[in-house]
file model.csv (CSV, C-alpha atoms and all ligand atoms)
chain,number,residue,atom,x,y,z
A,794,MET,CA,-13.9,-8.2,9.3
A,795,GLU,CA,-10.4,-7.7,10.3
A,796,LEU,CA,-7.5,-6.3,8.2
A,797,PRO,CA,-6.9,-7.9,4.8
A,798,ARG,CA,-3.7,-10.0,4.8
A,799,HIS,CA,-3.0,-9.3,1.2
A,800,ILE,CA,-4.0,-6.2,-0.9
A,801,GLY,CA,-3.5,-5.9,-4.6
A,802,ILE,CA,-3.5,-2.5,-6.2
A,803,ILE,CA,-4.3,-1.5,-9.8
A,804,MET,CA,-2.6,1.9,-9.9
A,805,ASP,CA,-4.6,3.5,-12.7
A,806,GLY,CA,-5.1,7.1,-13.8
A,807,ASN,CA,-1.5,8.5,-14.1
A,808,GLY,CA,-2.1,9.5,-17.7
A,809,ARG,CA,-5.4,11.3,-16.9
A,810,TRP,CA,-3.8,13.0,-13.9
A,811,ALA,CA,-1.1,14.5,-16.3
A,812,GLN,CA,-3.6,15.3,-19.0
A,813,GLN,CA,-5.8,17.3,-16.6
A,814,ARG,CA,-2.8,19.5,-15.8
A,815,SER,CA,-1.6,19.7,-19.5
A,816,LEU,CA,1.5,17.8,-18.5
A,817,VAL,CA,3.2,14.9,-20.4
A,818,ARG,CA,2.0,11.4,-19.4
A,819,THR,CA,5.4,10.6,-17.9
A,820,GLN,CA,4.9,13.3,-15.3
A,821,GLY,CA,1.8,11.4,-14.2
A,822,HIS,CA,3.9,8.2,-13.8
A,823,LEU,CA,6.4,10.1,-11.8
A,824,GLU,CA,3.7,11.3,-9.4
A,825,GLY,CA,2.3,7.7,-9.5
A,826,LEU,CA,5.6,6.5,-8.2
A,827,LYS,CA,5.4,8.9,-5.3
A,828,ALA,CA,1.9,7.7,-4.5
A,829,ALA,CA,3.2,4.1,-4.6
A,830,LYS,CA,5.8,5.0,-2.0
A,831,ARG,CA,3.3,6.7,0.2
A,832,ILE,CA,0.9,3.8,0.1
A,833,THR,CA,3.7,1.2,0.7
A,834,LYS,CA,4.7,3.1,3.8
A,835,ALA,CA,1.1,3.4,5.0
A,836,ALA,CA,0.4,-0.3,4.3
A,837,SER,CA,3.5,-1.3,6.3
A,838,ASP,CA,2.5,1.0,9.2
A,839,ILE,CA,-1.0,-0.4,9.3
A,840,GLY,CA,0.3,-4.0,9.4
A,841,ILE,CA,-0.6,-5.3,6.0
A,842,LYS,CA,1.4,-8.5,5.3
A,843,TYR,CA,1.4,-8.6,1.5
A,844,LEU,CA,1.0,-5.8,-1.0
A,845,THR,CA,1.0,-6.4,-4.7
A,846,LEU,CA,1.5,-3.4,-7.0
A,847,TYR,CA,0.5,-3.7,-10.6
A,848,ALA,CA,3.3,-1.5,-12.1
A,849,PHE,CA,3.4,-2.8,-15.7
A,850,SER,CA,1.2,-5.3,-17.5
A,851,THR,CA,2.0,-7.7,-20.4
A,852,GLU,CA,-0.1,-5.4,-22.5
A,853,ASN,CA,1.7,-2.2,-21.6
A,854,TRP,CA,4.4,-2.9,-24.1
A,855,LYS,CA,2.0,-1.5,-26.7
A,856,ARG,CA,2.6,2.0,-25.4
A,857,ALA,CA,5.1,4.3,-27.0
A,858,SER,CA,8.7,3.2,-26.3
A,859,ASP,CA,9.5,6.5,-24.5
A,860,GLU,CA,6.7,5.9,-22.0
A,861,VAL,CA,7.7,2.2,-21.6
A,862,ASN,CA,11.4,3.2,-20.9
A,863,PHE,CA,10.3,5.9,-18.5
A,864,ILE,CA,8.2,3.4,-16.4
A,865,MET,CA,11.1,0.9,-16.4
A,866,GLY,CA,13.3,3.7,-15.1
A,867,LEU,CA,10.8,4.4,-12.3
A,868,VAL,CA,10.8,0.7,-11.4
A,869,LYS,CA,14.6,1.0,-10.9
A,870,GLN,CA,14.1,4.2,-8.9
A,871,PHE,CA,11.6,2.6,-6.7
A,872,LEU,CA,13.8,-0.4,-6.0
A,873,ARG,CA,16.8,1.8,-5.2
A,874,SER,CA,15.2,4.6,-3.3
A,875,GLU,CA,13.1,2.2,-1.2
A,876,MET,CA,16.1,0.1,0.0
A,877,ASP,CA,16.7,2.1,3.2
A,878,PHE,CA,13.0,1.9,4.0
A,879,SER,CA,13.0,-1.8,3.3
A,880,VAL,CA,16.0,-2.4,5.6
A,881,LYS,CA,14.5,-0.3,8.3
A,882,ASN,CA,11.0,-1.9,8.1
A,883,LYS,CA,12.2,-5.4,7.2
A,884,ILE,CA,10.3,-5.3,3.9
A,885,ARG,CA,10.8,-8.2,1.5
A,886,VAL,CA,10.5,-7.3,-2.2
A,887,ARG,CA,9.3,-9.9,-4.7
A,888,HIS,CA,8.3,-10.1,-8.3
A,889,ALA,CA,5.2,-11.4,-10.2
A,890,GLY,CA,5.1,-11.7,-13.9
A,891,ASP,CA,7.2,-12.9,-16.8
A,892,PHE,CA,10.7,-12.2,-15.5
A,893,SER,CA,12.4,-13.5,-18.7
A,894,GLY,CA,10.6,-10.9,-20.8
A,895,LEU,CA,12.0,-8.0,-18.9
A,896,PRO,CA,15.1,-6.0,-20.0
A,897,HIS,CA,18.3,-7.4,-18.6
A,898,ASP,CA,19.1,-4.3,-16.5
A,899,ILE,CA,15.7,-4.5,-14.8
A,900,GLN,CA,16.1,-8.2,-14.2
A,901,LYS,CA,19.4,-7.6,-12.5
A,902,GLU,CA,18.0,-4.8,-10.4
A,903,ILE,CA,15.0,-6.9,-9.3
A,904,SER,CA,17.1,-10.0,-8.6
A,905,GLN,CA,19.5,-8.0,-6.5
A,906,THR,CA,16.7,-6.4,-4.4
A,907,MET,CA,15.0,-9.7,-3.9
A,908,GLU,CA,18.2,-11.3,-2.7
A,909,ASP,CA,19.1,-8.4,-0.4
A,910,THR,CA,15.6,-8.4,1.2
A,911,SER,CA,15.0,-12.2,1.1
A,912,GLY,CA,15.6,-12.7,4.8
A,913,PHE,CA,13.2,-9.9,5.9
A,914,ASP,CA,10.1,-10.8,7.8
A,915,GLY,CA,8.1,-7.6,7.6
A,916,MET,CA,5.6,-6.8,4.9
A,917,GLN,CA,6.1,-8.4,1.5
A,918,VAL,CA,5.9,-6.0,-1.5
A,919,ILE,CA,5.2,-7.9,-4.8
A,920,LEU,CA,6.0,-5.9,-7.8
A,921,ALA,CA,3.8,-7.0,-10.7
A,922,ILE,CA,6.0,-6.0,-13.7
A,923,ASN,CA,5.4,-7.6,-17.1
A,924,TYR,CA,2.5,-9.2,-15.4
A,925,GLY,CA,-0.7,-10.6,-17.0
A,926,GLY,CA,-3.1,-12.9,-15.2
A,927,ARG,CA,-3.7,-15.0,-18.3
A,928,ASP,CA,0.1,-15.1,-19.0
A,929,GLU,CA,0.7,-16.3,-15.5
A,930,ILE,CA,-1.8,-19.2,-15.9
A,931,ILE,CA,-0.3,-20.2,-19.2
A,932,ARG,CA,3.2,-20.2,-17.7
A,933,ALA,CA,2.0,-22.2,-14.8
A,934,VAL,CA,0.3,-24.8,-17.1
A,935,ARG,CA,3.5,-25.0,-19.2
A,936,ARG,CA,5.6,-25.7,-16.1
A,937,TYR,CA,3.1,-28.2,-14.8
A,938,ILE,CA,2.9,-30.1,-18.1
A,939,SER,CA,6.7,-30.3,-18.4
A,940,GLY,CA,6.9,-31.8,-14.9
A,941,GLY,CA,4.1,-34.2,-14.6
A,942,ASN,CA,1.0,-36.1,-15.5
A,943,ILE,CA,-1.7,-33.7,-16.6
A,944,SER,CA,-4.5,-36.1,-15.9
A,945,ASP,CA,-4.3,-35.4,-12.1
A,946,ILE,CA,-4.5,-31.6,-12.6
A,947,SER,CA,-6.4,-29.9,-9.7
A,948,GLU,CA,-6.8,-26.4,-8.5
A,949,LYS,CA,-4.5,-27.0,-5.6
A,950,GLU,CA,-1.8,-28.6,-7.8
A,951,LEU,CA,-1.9,-25.8,-10.5
A,952,SER,CA,-1.9,-23.1,-7.7
A,953,SER,CA,1.5,-24.4,-6.7
A,954,TYR,CA,2.9,-23.5,-10.2
A,955,MET,CA,1.8,-19.9,-10.0
A,956,ASP,CA,4.5,-17.1,-9.6
A,957,ASN,CA,4.4,-16.9,-5.8
A,958,PRO,CA,2.5,-20.0,-4.5
A,959,ASP,CA,3.4,-19.3,-0.9
A,960,ILE,CA,1.6,-16.0,-0.9
A,961,PRO,CA,-2.1,-16.1,0.2
A,962,ASP,CA,-4.7,-15.0,-2.3
A,963,PRO,CA,-5.5,-11.3,-2.2
A,964,ASP,CA,-8.4,-10.5,0.2
A,965,LEU,CA,-8.8,-7.0,-1.4
A,966,ILE,CA,-8.1,-5.6,-4.8
A,967,ILE,CA,-8.1,-1.8,-5.0
A,968,ARG,CA,-8.4,0.1,-8.3
A,969,SER,CA,-7.9,3.8,-8.6
A,970,ALA,CA,-9.4,6.1,-11.3
A,971,GLY,CA,-12.9,4.7,-11.5
A,972,GLU,CA,-12.8,1.9,-14.0
A,973,CYS,CA,-14.6,-1.2,-12.9
A,974,ARG,CA,-12.6,-4.0,-14.4
A,975,THR,CA,-9.7,-6.3,-13.4
A,976,SER,CA,-7.5,-5.7,-16.5
A,977,ASN,CA,-5.8,-9.1,-16.3
A,978,PHE,CA,-4.6,-8.6,-12.7
A,979,LEU,CA,-4.3,-11.7,-10.4
A,980,LEU,CA,-7.0,-13.6,-12.4
A,981,TRP,CA,-6.3,-16.9,-10.6
A,982,GLU,CA,-5.5,-15.6,-7.2
A,983,GLY,CA,-8.2,-13.0,-7.1
A,984,ALA,CA,-11.2,-15.3,-7.8
A,985,TYR,CA,-12.8,-14.4,-4.4
A,986,SER,CA,-11.1,-11.0,-3.7
A,987,GLU,CA,-13.2,-8.1,-2.6
A,988,ILE,CA,-12.9,-5.3,-5.1
A,989,PHE,CA,-12.8,-1.6,-4.1
A,990,VAL,CA,-12.9,1.0,-6.9
A,991,SER,CA,-12.1,4.6,-6.1
A,992,LYS,CA,-12.7,7.5,-8.5
A,993,LYS,CA,-9.5,9.2,-7.3
A,994,LEU,CA,-6.6,9.1,-9.7
A,995,TRP,CA,-3.6,7.2,-8.5
A,996,PRO,CA,-1.1,10.1,-8.2
A,997,ASP,CA,-3.6,11.7,-5.7
A,998,TRP,CA,-3.7,8.7,-3.4
A,999,ASP,CA,-2.6,9.1,0.1
A,1000,ARG,CA,-2.8,7.2,3.4
A,1001,GLU,CA,-6.4,8.3,4.0
A,1002,ASP,CA,-7.5,6.7,0.8
A,1003,LEU,CA,-6.0,3.4,1.8
A,1004,GLU,CA,-7.7,3.8,5.2
A,1005,ASP,CA,-11.1,4.4,3.4
A,1006,ALA,CA,-10.7,1.3,1.4
A,1007,LEU,CA,-9.9,-0.7,4.6
A,1008,GLU,CA,-13.0,0.8,6.3
A,1009,ASN,CA,-15.1,-0.3,3.3
A,1010,TYR,CA,-13.5,-3.8,3.4
A,1011,LYS,CA,-14.4,-4.2,7.0
A,1012,LYS,CA,-18.1,-4.0,6.2
A,1013,ARG,CA,-18.0,-6.7,3.6
A,1014,GLU,CA,-19.2,-10.2,4.2
A,1015,ARG,CA,-17.1,-12.8,2.4
A,1016,ARG,CA,-18.9,-16.0,1.6
A,1017,PHE,CA,-16.6,-17.7,-0.9
A,1018,GLY,CA,-19.6,-19.1,-2.8
A,1019,GLY,CA,-21.3,-20.3,0.5
A,1020,ILE,CA,-24.2,-18.7,2.3
A,1021,ALA,CA,-24.3,-16.0,4.9
A,1022,ASN,CA,-23.7,-17.0,8.5
A,1023,VAL,CA,-27.1,-16.8,10.3
A,1024,ALA,CA,-26.8,-15.9,14.0
B,1,LIG,C1,-1.7,3.2,-15.2
B,1,LIG,O1,-2.0,4.6,-15.5
B,1,LIG,C2,-0.3,3.2,-14.7
B,1,LIG,C3,0.7,2.5,-15.2
B,1,LIG,C4,0.6,1.7,-16.5
B,1,LIG,C5,2.1,2.6,-14.7
B,1,LIG,C6,2.2,2.4,-13.2
B,1,LIG,C7,3.6,2.7,-12.8
B,1,LIG,C8,3.9,3.5,-11.7
B,1,LIG,C9,2.9,4.0,-10.8
B,1,LIG,C10,5.4,3.7,-11.5
B,1,LIG,C11,6.2,2.5,-11.0
B,1,LIG,C12,5.7,2.1,-9.7
B,1,LIG,C13,6.3,1.1,-9.0
B,1,LIG,C14,5.7,0.7,-7.7
B,1,LIG,C15,7.6,0.4,-9.4
B,1,LIG,P1,-2.4,5.0,-17.0
B,1,LIG,O2,-1.1,5.4,-17.7
B,1,LIG,O3,-3.0,3.8,-17.7
B,1,LIG,O4,-3.4,6.1,-16.8
B,1,LIG,P2,-4.6,6.5,-17.7
B,1,LIG,O5,-5.5,5.3,-17.7
B,1,LIG,O6,-5.2,7.7,-17.0
B,1,LIG,O7,-4.0,6.9,-19.0
call {"tool": "encode", "arguments": {"input": "model.csv", "output": "structure tokens"}}
result
Amino acid sequence: MELPRHIGIIMDGNGRWAQQRSLVRTQGHLEGLKAAKRITKAASDIGIKYLTLYAFSTENWKRASDEVNFIMGLVKQFLRSEMDFSVKNKIRVRHAGDFSGLPHDIQKEISQTMEDTSGFDGMQVILAINYGGRDEIIRAVRRYISGGNISDISEKELSSYMDNPDIPDPDLIIRSAGECRTSNFLLWEGAYSEIFVSKKLWPDWDREDLEDALENYKKRERRFGGIANVA
């Protein structure tokens, strides 16, 4: 199978990475940010068209406020420090999740970056921040109800109310740090995604790990509920 068009990544294991080194959790997130930058560059070089990074879930607000604030600071850092790279590589940055629930300064930063990169036709990086799959579906249903007749609801129609309806469903969802669950990530869009779980903690991820995941993906046979092609 060829290259996936859209890859989603659950960047897990920052806390464990820090704990193993007797460091504070935030140090793990800082290294996680560096890994996110490495993988974004690698994905763009390889020719991936869409990359969704799960940076902060709707459930992550339950964490200590220091940790939450630190992650929000990293989001800003990512947006600012990647601008040169985005311009050079024509990367378009987008957002998935409940935008209205984000702090105003983060909203401003994301809006600005989305505007500055909106004309770029290279890889699209979708930052899932304050994102939850169930929350996205609920928000889509609310928008749908407020605009129309709910008796004609269909998968196709509801899909068009999701956060980024023009983006194809993820072909591959990668999760680092070994846990075999989706954790509320791209529930609607990921219905038929191939899932690749790696034991490696997110801060240790490098280009070769992405290449391994792609090698593994190539061997999969996607049937979308149908039956195998018999030669
Ligand atoms: C999960 O590890 C990671 C997060 C909740 C935060 C991810 C954020 C970043 C990598 C930085 C921001 C990145 C971008 C692209 C803007 P965990 O803390 O749940 O780890 P644990 O399960 O080992 O405790």
call {"tool": "atom_distance", "arguments": {"input": "model.csv", "atom1": "atom P1 of ligand LIG 1 (chain B)", "atom2": "atom CA of A:Arg809"}}
result
7.0 Å
call {"tool": "residues_near_ligand", "arguments": {"input": "model.csv", "ligand": "ligand LIG 1 (chain B)", "cutoff": "6 Å", "atoms": "only C-alpha atoms and all ligand atoms", "output": "list in words"}}
result
Met804, Asp805, Gly806, Asn807, Gly808, Arg809, His822, Gly825, Leu826, Ala829, Leu846, Ala848, Phe849, Ile864, Leu867, Val868 and Phe871 of chain A
call {"tool": "residues_around", "arguments": {"input": "model.csv", "residues": "stretch 966-979 of chain A", "least_positions_apart": "2", "cutoff": "8 Å", "atoms": "only C-alpha atoms", "output": "PyMOL selection string"}}
result
chain A and resi 800-806+847+924-927+963-964+981-983+986-995+1006
call {"tool": "atom_distance", "arguments": {"input": "model.csv", "atom1": "atom CA of A:Val918", "atom2": "atom CA of A:Arg887"}}
result
6.1 Å
call {"tool": "residues_around", "arguments": {"input": "model.csv", "residues": "A:Ser947", "least_positions_apart": "5", "cutoff": "12 Å", "atoms": "all atoms listed in the file", "output": "PDB file with C-alpha atoms, in the frame of the given file"}}
result
ATOM      1  CA  VAL A 934       0.300 -24.800 -17.100  1.00  0.00           C
ATOM      2  CA  TYR A 937       3.100 -28.200 -14.800  1.00  0.00           C
ATOM      3  CA  ASN A 942       1.000 -36.100 -15.500  1.00  0.00           C
ATOM      4  CA  SER A 952      -1.900 -23.100  -7.700  1.00  0.00           C
ATOM      5  CA  SER A 953       1.500 -24.400  -6.700  1.00  0.00           C
ATOM      6  CA  TYR A 954       2.900 -23.500 -10.200  1.00  0.00           C
TER       7      TYR A 954
END
call {"tool": "atom_distance", "arguments": {"input": "model.csv", "atom1": "atom CA of A:Gln820", "atom2": "atom CA of A:Asp997"}}
result
12.9 Å
call {"tool": "residues_around", "arguments": {"input": "model.csv", "residues": "A:Asp909", "least_positions_apart": "3", "cutoff": "10 Å", "atoms": "all atoms listed in the file", "output": "PDB file with C-alpha atoms, keeping the file's coordinate frame"}}
result
ATOM      1  CA  MET A 876      16.100   0.100   0.000  1.00  0.00           C
ATOM      2  CA  SER A 879      13.000  -1.800   3.300  1.00  0.00           C
ATOM      3  CA  VAL A 880      16.000  -2.400   5.600  1.00  0.00           C
ATOM      4  CA  ARG A 885      10.800  -8.200   1.500  1.00  0.00           C
ATOM      5  CA  VAL A 886      10.500  -7.300  -2.200  1.00  0.00           C
ATOM      6  CA  ILE A 903      15.000  -6.900  -9.300  1.00  0.00           C
ATOM      7  CA  SER A 904      17.100 -10.000  -8.600  1.00  0.00           C
ATOM      8  CA  GLN A 905      19.500  -8.000  -6.500  1.00  0.00           C
ATOM      9  CA  THR A 906      16.700  -6.400  -4.400  1.00  0.00           C
ATOM     10  CA  GLY A 912      15.600 -12.700   4.800  1.00  0.00           C
ATOM     11  CA  PHE A 913      13.200  -9.900   5.900  1.00  0.00           C
TER      12      PHE A 913
END
call {"tool": "residues_around", "arguments": {"input": "model.csv", "residues": "A:Glu1008", "least_positions_apart": "5", "cutoff": "12 Å", "atoms": "only C-alpha atoms", "output": "PDB file with C-alpha atoms, in the frame of the given file"}}
result
ATOM      1  CA  MET A 794     -13.900  -8.200   9.300  1.00  0.00           C
ATOM      2  CA  GLU A 795     -10.400  -7.700  10.300  1.00  0.00           C
ATOM      3  CA  LEU A 796      -7.500  -6.300   8.200  1.00  0.00           C
ATOM      4  CA  PRO A 797      -6.900  -7.900   4.800  1.00  0.00           C
ATOM      5  CA  LEU A 965      -8.800  -7.000  -1.400  1.00  0.00           C
ATOM      6  CA  PHE A 989     -12.800  -1.600  -4.100  1.00  0.00           C
ATOM      7  CA  GLU A1001      -6.400   8.300   4.000  1.00  0.00           C
ATOM      8  CA  ASP A1002      -7.500   6.700   0.800  1.00  0.00           C
ATOM      9  CA  LEU A1003      -6.000   3.400   1.800  1.00  0.00           C
ATOM     10  CA  ARG A1013     -18.000  -6.700   3.600  1.00  0.00           C
TER      11      ARG A1013
END
call {"tool": "closest_residue", "arguments": {"input": "model.csv", "among": "A:Asp891, A:Lys881, A:Asp838, A:Gln813", "to": "A:Ile931", "atoms": "all atoms listed in the file"}}
result
A:Asp891
call {"tool": "closest_residue", "arguments": {"input": "model.csv", "among": "A:Ser911, A:Asn923, A:Gln917, A:Asp877", "to": "A:Ile899", "atoms": "only C-alpha atoms"}}
result
A:Asn923
call {"tool": "closest_residue", "arguments": {"input": "model.csv", "among": "A:Tyr985, A:Asn957, A:Lys883, A:Met916", "to": "A:Gly1019", "atoms": "all atoms listed in the file"}}
result
A:Tyr985
call {"tool": "closest_residue", "arguments": {"input": "model.csv", "among": "A:Leu920, A:His897, A:Asn882, A:Glu1014", "to": "A:Ala835", "atoms": "only C-alpha atoms"}}
result
A:Asn882
call {"tool": "build_atoms", "arguments": {"input": "model.csv", "residues": "stretch 832-859 of chain A", "atoms": "N, CA and C atoms", "output": "PDB file, in the coordinates of the input"}}
result
ATOM      1  N   ILE A 832       1.826   4.848  -0.288  1.00  0.00           N
ATOM      2  CA  ILE A 832       0.900   3.800   0.100  1.00  0.00           C
ATOM      3  C   ILE A 832       1.674   2.561   0.622  1.00  0.00           C
ATOM      4  N   THR A 833       2.868   2.316   0.111  1.00  0.00           N
ATOM      5  CA  THR A 833       3.700   1.200   0.700  1.00  0.00           C
ATOM      6  C   THR A 833       3.991   1.494   2.128  1.00  0.00           C
ATOM      7  N   LYS A 834       4.376   2.715   2.434  1.00  0.00           N
ATOM      8  CA  LYS A 834       4.700   3.100   3.800  1.00  0.00           C
ATOM      9  C   LYS A 834       3.452   2.935   4.700  1.00  0.00           C
ATOM     10  N   ALA A 835       2.316   3.466   4.195  1.00  0.00           N
ATOM     11  CA  ALA A 835       1.100   3.400   5.000  1.00  0.00           C
ATOM     12  C   ALA A 835       0.680   1.956   5.235  1.00  0.00           C
ATOM     13  N   ALA A 836       0.769   1.118   4.199  1.00  0.00           N
ATOM     14  CA  ALA A 836       0.400  -0.300   4.300  1.00  0.00           C
ATOM     15  C   ALA A 836       1.251  -0.997   5.369  1.00  0.00           C
ATOM     16  N   SER A 837       2.538  -0.686   5.327  1.00  0.00           N
ATOM     17  CA  SER A 837       3.500  -1.300   6.300  1.00  0.00           C
ATOM     18  C   SER A 837       3.146  -0.844   7.705  1.00  0.00           C
ATOM     19  N   ASP A 838       2.878   0.438   7.882  1.00  0.00           N
ATOM     20  CA  ASP A 838       2.500   1.000   9.200  1.00  0.00           C
ATOM     21  C   ASP A 838       1.250   0.326   9.756  1.00  0.00           C
ATOM     22  N   ILE A 839       0.283   0.144   8.858  1.00  0.00           N
ATOM     23  CA  ILE A 839      -1.000  -0.400   9.300  1.00  0.00           C
ATOM     24  C   ILE A 839      -0.916  -1.884   9.634  1.00  0.00           C
ATOM     25  N   GLY A 840       0.075  -2.552   9.088  1.00  0.00           N
ATOM     26  CA  GLY A 840       0.300  -4.000   9.400  1.00  0.00           C
ATOM     27  C   GLY A 840      -0.192  -4.936   8.351  1.00  0.00           C
ATOM     28  N   ILE A 841      -0.282  -4.441   7.114  1.00  0.00           N
ATOM     29  CA  ILE A 841      -0.600  -5.300   6.000  1.00  0.00           C
ATOM     30  C   ILE A 841       0.571  -6.261   5.758  1.00  0.00           C
ATOM     31  N   LYS A 842       0.291  -7.527   5.493  1.00  0.00           N
ATOM     32  CA  LYS A 842       1.400  -8.500   5.300  1.00  0.00           C
ATOM     33  C   LYS A 842       1.905  -8.602   3.910  1.00  0.00           C
ATOM     34  N   TYR A 843       1.001  -8.462   2.938  1.00  0.00           N
ATOM     35  CA  TYR A 843       1.400  -8.600   1.500  1.00  0.00           C
ATOM     36  C   TYR A 843       0.735  -7.485   0.714  1.00  0.00           C
ATOM     37  N   LEU A 844       1.532  -6.830  -0.124  1.00  0.00           N
ATOM     38  CA  LEU A 844       1.000  -5.800  -1.000  1.00  0.00           C
ATOM     39  C   LEU A 844       1.507  -5.986  -2.401  1.00  0.00           C
ATOM     40  N   THR A 845       0.588  -6.230  -3.330  1.00  0.00           N
ATOM     41  CA  THR A 845       1.000  -6.400  -4.700  1.00  0.00           C
ATOM     42  C   THR A 845       0.651  -5.160  -5.522  1.00  0.00           C
ATOM     43  N   LEU A 846       1.653  -4.592  -6.171  1.00  0.00           N
ATOM     44  CA  LEU A 846       1.500  -3.400  -7.000  1.00  0.00           C
ATOM     45  C   LEU A 846       1.572  -3.703  -8.442  1.00  0.00           C
ATOM     46  N   TYR A 847       0.515  -3.364  -9.181  1.00  0.00           N
ATOM     47  CA  TYR A 847       0.500  -3.700 -10.600  1.00  0.00           C
ATOM     48  C   TYR A 847       1.187  -2.487 -11.336  1.00  0.00           C
ATOM     49  N   ALA A 848       2.459  -2.653 -11.602  1.00  0.00           N
ATOM     50  CA  ALA A 848       3.300  -1.500 -12.100  1.00  0.00           C
ATOM     51  C   ALA A 848       3.366  -1.563 -13.661  1.00  0.00           C
ATOM     52  N   PHE A 849       3.288  -2.770 -14.261  1.00  0.00           N
ATOM     53  CA  PHE A 849       3.400  -2.800 -15.700  1.00  0.00           C
ATOM     54  C   PHE A 849       2.839  -4.172 -16.187  1.00  0.00           C
ATOM     55  N   SER A 850       1.864  -4.083 -17.099  1.00  0.00           N
ATOM     56  CA  SER A 850       1.200  -5.300 -17.500  1.00  0.00           C
ATOM     57  C   SER A 850       1.835  -5.838 -18.831  1.00  0.00           C
ATOM     58  N   THR A 851       1.524  -7.087 -19.148  1.00  0.00           N
ATOM     59  CA  THR A 851       2.000  -7.700 -20.400  1.00  0.00           C
ATOM     60  C   THR A 851       1.519  -6.925 -21.605  1.00  0.00           C
ATOM     61  N   GLU A 852       0.442  -6.166 -21.423  1.00  0.00           N
ATOM     62  CA  GLU A 852      -0.100  -5.400 -22.500  1.00  0.00           C
ATOM     63  C   GLU A 852       0.488  -3.984 -22.628  1.00  0.00           C
ATOM     64  N   ASN A 853       1.149  -3.539 -21.576  1.00  0.00           N
ATOM     65  CA  ASN A 853       1.700  -2.200 -21.600  1.00  0.00           C
ATOM     66  C   ASN A 853       2.834  -1.954 -22.571  1.00  0.00           C
ATOM     67  N   TRP A 854       3.379  -3.059 -23.135  1.00  0.00           N
ATOM     68  CA  TRP A 854       4.400  -2.900 -24.100  1.00  0.00           C
ATOM     69  C   TRP A 854       3.907  -2.214 -25.396  1.00  0.00           C
ATOM     70  N   LYS A 855       2.566  -2.175 -25.545  1.00  0.00           N
ATOM     71  CA  LYS A 855       2.000  -1.500 -26.700  1.00  0.00           C
ATOM     72  C   LYS A 855       2.125  -0.022 -26.688  1.00  0.00           C
ATOM     73  N   ARG A 856       2.490   0.526 -25.542  1.00  0.00           N
ATOM     74  CA  ARG A 856       2.600   2.000 -25.400  1.00  0.00           C
ATOM     75  C   ARG A 856       3.887   2.474 -26.120  1.00  0.00           C
ATOM     76  N   ALA A 857       3.963   3.770 -26.323  1.00  0.00           N
ATOM     77  CA  ALA A 857       5.100   4.300 -27.000  1.00  0.00           C
ATOM     78  C   ALA A 857       6.402   3.966 -26.218  1.00  0.00           C
ATOM     79  N   SER A 858       7.500   3.728 -26.952  1.00  0.00           N
ATOM     80  CA  SER A 858       8.700   3.200 -26.300  1.00  0.00           C
ATOM     81  C   SER A 858       9.245   4.209 -25.244  1.00  0.00           C
ATOM     82  N   ASP A 859       9.051   5.509 -25.464  1.00  0.00           N
ATOM     83  CA  ASP A 859       9.500   6.500 -24.500  1.00  0.00           C
ATOM     84  C   ASP A 859       8.814   6.294 -23.143  1.00  0.00           C
TER      85      ASP A 859
END
